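K.L.:
Got a structure for you, written out below as structure tokens; questions coming shortly.
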Amino acid sequence: MEVEKKIAEEVVGLSKDIYADVAKPILSEVGKTGGGITRILLSPLNGLVWGFDKIVENLDNTISEKLNKVSEAKLQTPPPFVAVPSLEAMRYTGEVEELRNLYANLLANSMDMDTIENVHPGFVDIIKNLTPDEAKLLTVFLRVESLPFIDVKQVDDKIQRSFVVTIKMHTHVIDEFELELLYPCNLPVYFSNLIRIGILESPNNLSLDDQKYSELETCEYILEEKEKIEAEGKIFEVDRRFIRPTSFGYQFINTVVKDK
């Protein structure tokens with residue numbers, strides 16, 4: 001099943017779970033106190049801000065495993081401009097496994113004399129700008145160099161070529177790579193953010209081989225959109241595009257996303 005078909009069911013399911021697990025007890029407590037809603041809503045975060053000892057304790061086993069094949073002669077203290085901001089950032093993201101593992105890979109590579117040259121201080125800020133879903137999405141580029149996608153356009157006027165994009169960045173990446181994303185409907189937003197921070201790029205006026213797009217253009221979701229557009233007397237068109245890592249992105253993926 002394609003991701004767009006799952007969205008409605010997932011939204012309903014999430015709404016029910018959120019109400020049952022979070023909203024209901026919180027609202028009940030607010031009703032009892034008659035105030036202090038900010039304190040009540042923030043109270044679950046009380047234990048999520050990690051201290052230095054907890055961060056190091058959590059990282060100790062993880063990084064030790066990542067460095068178990070590195071000789072002791074090649075080990076070093078990581079440079080402060082990488083280690084300090086990484087540890088500081090983990091105070092707020094330590095509970096998130098996907099992001100915690102990125103920091104662990106970054107620190108492990110900065111402790112290895114053979115891989116320190118691949119560590120860029122800007123990688124810390126990149127991780128800060130990622131969601132757990134985006135961290136999962138980047139693992140795809142350890143397996144492929146680029147991803148095809150299509151934009152669906154509804155052309156209103158043949159002469160003036162006025163149009164609106166009705167479906168943006170349609171791809172089968174979630175199903176193809178069996179990604180378990182928390183919010184799959186945000187996929188175009190994730191791609192846009194990864195482009196914004198310089199990890200991915202989508203060149204204009206370039207596309208991949210025709211066969212890369214045939215499955216995208218003939219899937220049920222797109223054919224239904226085509227029928228809808230043409231039923232309104234408009235012109236259905238597709239822009240073939242692709243997304244790939246930048247040079248900076250490749251280094252980030254191979255240093256931070258790839259397990260050490």
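Within each chain, counting starts at residue 1; across the structure tokens, chains are named A, B, ... in the order shown, with ligands numbered 1 upward in that order.
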Tell me, as a PyMOL selection string, which residues lie within 12 Å of Ser214 in chain A, counting only C-alpha atoms; anything in the same chain fewer than 5 positions away does not count.

P.N.:
chain A and resi 148-150+171-172+208-209+219+222-223+238+240

K.L.:
Please produce an output containing N, CA and C atoms for each residue in the selection, written as a short mmCIF file (atom, residue, chain, number, x, y, z; two decimals), in the first residue's frame.

P.N.:
data_model
loop_
_atom_site.label_atom_id
_atom_site.label_comp_id
_atom_site.auth_asym_id
_atom_site.auth_seq_id
_atom_site.Cartn_x
_atom_site.Cartn_y
_atom_site.Cartn_z
N PRO A 148 14.21 9.07 -7.25
CA PRO A 148 13.31 9.76 -8.17
C PRO A 148 12.04 10.19 -7.46
N PHE A 149 11.48 11.31 -7.89
CA PHE A 149 10.16 11.72 -7.41
C PHE A 149 9.48 12.52 -8.51
N ILE A 150 8.18 12.69 -8.38
CA ILE A 150 7.44 13.47 -9.36
C ILE A 150 6.59 14.52 -8.66
N THR A 171 6.89 10.00 -4.03
CA THR A 171 7.90 8.96 -4.13
C THR A 171 7.42 7.73 -3.37
N HIS A 172 8.00 6.58 -3.69
CA HIS A 172 7.66 5.34 -3.00
C HIS A 172 8.75 4.92 -2.02
N LEU A 208 16.16 11.35 -14.07
CA LEU A 208 16.84 10.07 -14.22
C LEU A 208 16.27 9.34 -15.43
N ASP A 209 16.66 8.09 -15.62
CA ASP A 209 16.14 7.29 -16.74
C ASP A 209 14.63 7.13 -16.64
N CYS A 219 1.00 4.55 -10.56
CA CYS A 219 0.42 4.03 -9.32
C CYS A 219 -1.00 4.56 -9.16
N ILE A 222 -1.66 8.35 -8.21
CA ILE A 222 -1.43 9.34 -9.26
C ILE A 222 -2.49 9.24 -10.35
N LEU A 223 -2.90 8.03 -10.70
CA LEU A 223 -3.94 7.86 -11.72
C LEU A 223 -5.26 8.46 -11.25
N VAL A 238 3.16 16.02 -15.40
CA VAL A 238 4.07 15.52 -14.37
C VAL A 238 5.47 16.07 -14.61
N ARG A 240 9.29 15.33 -13.74
CA ARG A 240 10.17 14.29 -13.24
C ARG A 240 11.40 14.92 -12.60
#

K.L.:
Taking the backbone alone, and naming residues the way the document does, which bits of range 100-170 of chain A are alpha helix (DSSP H) by DSSP, as a list in words?

P.N.:
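The alpha helix (DSSP H) residues within range 100-170 of chain A come out as Arg100, Asn101, Leu102, Tyr103, Ala104, Asn105, Leu106, Leu107, Ala108, Asn109, Ser110, Gly122, Phe123, Val124, Asp125, Ile126, Ile127, Lys128, Pro132, Asp133, Glu134, Ala135, Lys136, Leu137 and Leu138 of chain A.
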
K.L.:
What's the 10 Å shell around Gly233 in chain A, counting only C-alpha atoms, without same-chain residues fewer than 4 positions away, as number ranges by chain?

P.N.:
A: 154-156, 228-229

K.L.:
Could you check the closest approach to Ala104 in chain A for each of A:Leu59, A:Leu147, A:Leu138, A:Ile174 and tell me which residue wins, using only C-alpha atoms?

P.N.:
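For Ala104 in chain A, the nearest of the candidates is A:Leu59.
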
K.L.:
Given only C-alpha atoms as the basis, pick out the residue of A:Ile55, A:Leu75, A:Ala89, A:Leu182 nearest to Leu137 in chain A.

P.N.:
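The answer is A:Leu182, which sits nearest to Leu137 in chain A.
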
K.L.:
Write out as an mmCIF file with N, CA and C atoms, in the first residue's frame each polymer residue whose atoms come within 7 Å of Ser86 in chain A, counting only C-alpha atoms; drop sequence neighbours fewer than 4 positions from it.

P.N.:
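Produced file out.cif, reproduced below:
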data_model
loop_
_atom_site.group_PDB
_atom_site.id
_atom_site.type_symbol
_atom_site.label_atom_id
_atom_site.label_comp_id
_atom_site.auth_asym_id
_atom_site.auth_seq_id
_atom_site.Cartn_x
_atom_site.Cartn_y
_atom_site.Cartn_z
ATOM 1 N N VAL A 82 33.922 19.719 18.637
ATOM 2 C CA VAL A 82 32.957 18.685 18.248
ATOM 3 C C VAL A 82 32.300 18.083 19.485
ATOM 4 N N MET A 90 22.981 16.730 23.412
ATOM 5 C CA MET A 90 22.399 15.478 23.894
ATOM 6 C C MET A 90 21.645 15.648 25.208
ATOM 7 N N TYR A 103 24.855 11.247 17.161
ATOM 8 C CA TYR A 103 25.898 11.873 17.980
ATOM 9 C C TYR A 103 26.969 10.858 18.365
ATOM 10 N N VAL A 124 27.360 18.919 13.966
ATOM 11 C CA VAL A 124 26.575 19.005 15.202
ATOM 12 C C VAL A 124 25.290 19.787 14.957
#

K.L.:
Ranking A:Glu178, A:Asn109, A:Val173, A:Phe81 by minimum distance to Phe191 in chain A and counting only C-alpha atoms, which one comes first?

P.N.:
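The shortest atom-to-atom distance to Phe191 in chain A comes from A:Val173.
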
K.L.:
Fewer than 3 positions away in the same chain doesn't count, so skip those; otherwise give me all residues within 10 Å of Gly122 in chain A, counting only C-alpha atoms, as number ranges by chain.

P.N.:
A: 81-82, 119, 125-127, 248, 252

K.L.:
Please give the complete set of residues from range 185-237 of chain A that DSSP, run on the backbone, assigns to strand (DSSP E), formatted as a list in words.

P.N.:
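Strand (DSSP E) assignments inside range 185-237 of chain A correspond to Leu200, Glu201, Ile235, Phe236 and Glu237 of chain A.
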
K.L.:
So that I have them on file, write out the residues from the current selection with N, CA and C atoms, as an mmCIF file, in the first residue's frame.

P.N.:
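Writing done, so here's again_26.cif:
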data_model
loop_
_atom_site.group_PDB
_atom_site.id
_atom_site.type_symbol
_atom_site.label_atom_id
_atom_site.label_comp_id
_atom_site.auth_asym_id
_atom_site.auth_seq_id
_atom_site.Cartn_x
_atom_site.Cartn_y
_atom_site.Cartn_z
ATOM 1 N N LEU A 200 20.839 17.493 1.162
ATOM 2 C CA LEU A 200 20.336 16.991 -0.114
ATOM 3 C C LEU A 200 20.170 18.137 -1.100
ATOM 4 N N GLU A 201 20.060 17.785 -2.370
ATOM 5 C CA GLU A 201 19.785 18.758 -3.420
ATOM 6 C C GLU A 201 18.874 18.126 -4.458
ATOM 7 N N ILE A 235 -5.517 20.309 -17.512
ATOM 8 C CA ILE A 235 -4.475 19.475 -18.118
ATOM 9 C C ILE A 235 -3.603 18.870 -17.019
ATOM 10 N N PHE A 236 -3.427 17.571 -17.094
ATOM 11 C CA PHE A 236 -2.592 16.840 -16.130
ATOM 12 C C PHE A 236 -1.163 16.750 -16.664
ATOM 13 N N GLU A 237 -0.202 17.190 -15.879
ATOM 14 C CA GLU A 237 1.202 17.084 -16.267
ATOM 15 C C GLU A 237 2.037 16.619 -15.077
#

K.L.:
Can you list, as a ChimeraX atom specification, every protein, DNA or RNA residue that comes within 9 Å of Ser146 in chain A when you count only C-alpha atoms, leaving out same-chain residues fewer than 3 positions away?

P.N.:
/A:141,208,242-245

K.L.:
Could you write those residues out with C-alpha atoms, as a tab-separated table (two decimals), in the first residue's frame?

P.N.:
chain	number	residue	atom	x	y	z
A	141	PHE	CA	21.32	7.13	0.82
A	208	LEU	CA	16.84	10.07	-14.22
A	242	PHE	CA	15.19	13.46	-8.28
A	243	ILE	CA	16.93	14.16	-5.00
A	244	ARG	CA	20.48	13.29	-4.02
A	245	PRO	CA	23.08	14.14	-1.36

K.L.:
Enter the distance from CA of Arg241 in chain A to CA of Asn205 in chain A, in Å, rounded to one decimal.

P.N.:
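One can read the CA of Arg241 in chain A to CA of Asn205 in chain A distance as 7.7 Å.
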
K.L.:
Determine, counting only C-alpha atoms, which protein, DNA and RNA residues have an atom within 9 Å of an atom of Val152 in chain A; residues of the same chain fewer than 6 positions away are not included. Present the result as a VMD selection string.

P.N.:
chain A and resid 164 to 170 222 225 to 226 236 to 239

K.L.:
Save out the residues we just selected, C-alpha atoms, as an mmCIF file, in the first residue's frame.

P.N.:
data_model
loop_
_atom_site.group_PDB
_atom_site.id
_atom_site.type_symbol
_atom_site.label_atom_id
_atom_site.label_comp_id
_atom_site.auth_asym_id
_atom_site.auth_seq_id
_atom_site.Cartn_x
_atom_site.Cartn_y
_atom_site.Cartn_z
ATOM 1 C CA VAL A 164 -0.761 24.684 -9.551
ATOM 2 C CA VAL A 165 1.170 21.775 -8.055
ATOM 3 C CA THR A 166 -1.411 19.393 -6.617
ATOM 4 C CA ILE A 167 0.989 16.671 -5.448
ATOM 5 C CA LYS A 168 4.539 17.533 -4.440
ATOM 6 C CA MET A 169 7.514 15.185 -4.247
ATOM 7 C CA HIS A 170 5.616 11.923 -4.722
ATOM 8 C CA ILE A 222 -1.426 9.343 -9.260
ATOM 9 C CA GLU A 225 -5.334 12.483 -9.356
ATOM 10 C CA LYS A 226 -5.055 12.463 -13.158
ATOM 11 C CA PHE A 236 -2.592 16.840 -16.130
ATOM 12 C CA GLU A 237 1.202 17.084 -16.267
ATOM 13 C CA VAL A 238 4.069 15.516 -14.367
ATOM 14 C CA ASP A 239 7.504 16.941 -13.613
#

K.L.:
Can you measure CA of Leu87 in chain A to CA of Val189 in chain A for me? One decimal in Å is fine.

P.N.:
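Computed distance, CA of Leu87 in chain A to CA of Val189 in chain A, equals 27.6 Å.
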
K.L.:
Take CA of Asn129 in chain A and CA of Pro80 in chain A and report the distance between them in Å, one decimal.

P.N.:
20.5 Å

K.L.:
Please determine, counting only C-alpha atoms, which residue among A:Lys74, A:Glu145, A:Asp151, A:Asp175 has the shortest atom-to-atom distance to Ser247 in chain A.

P.N.:
A:Glu145
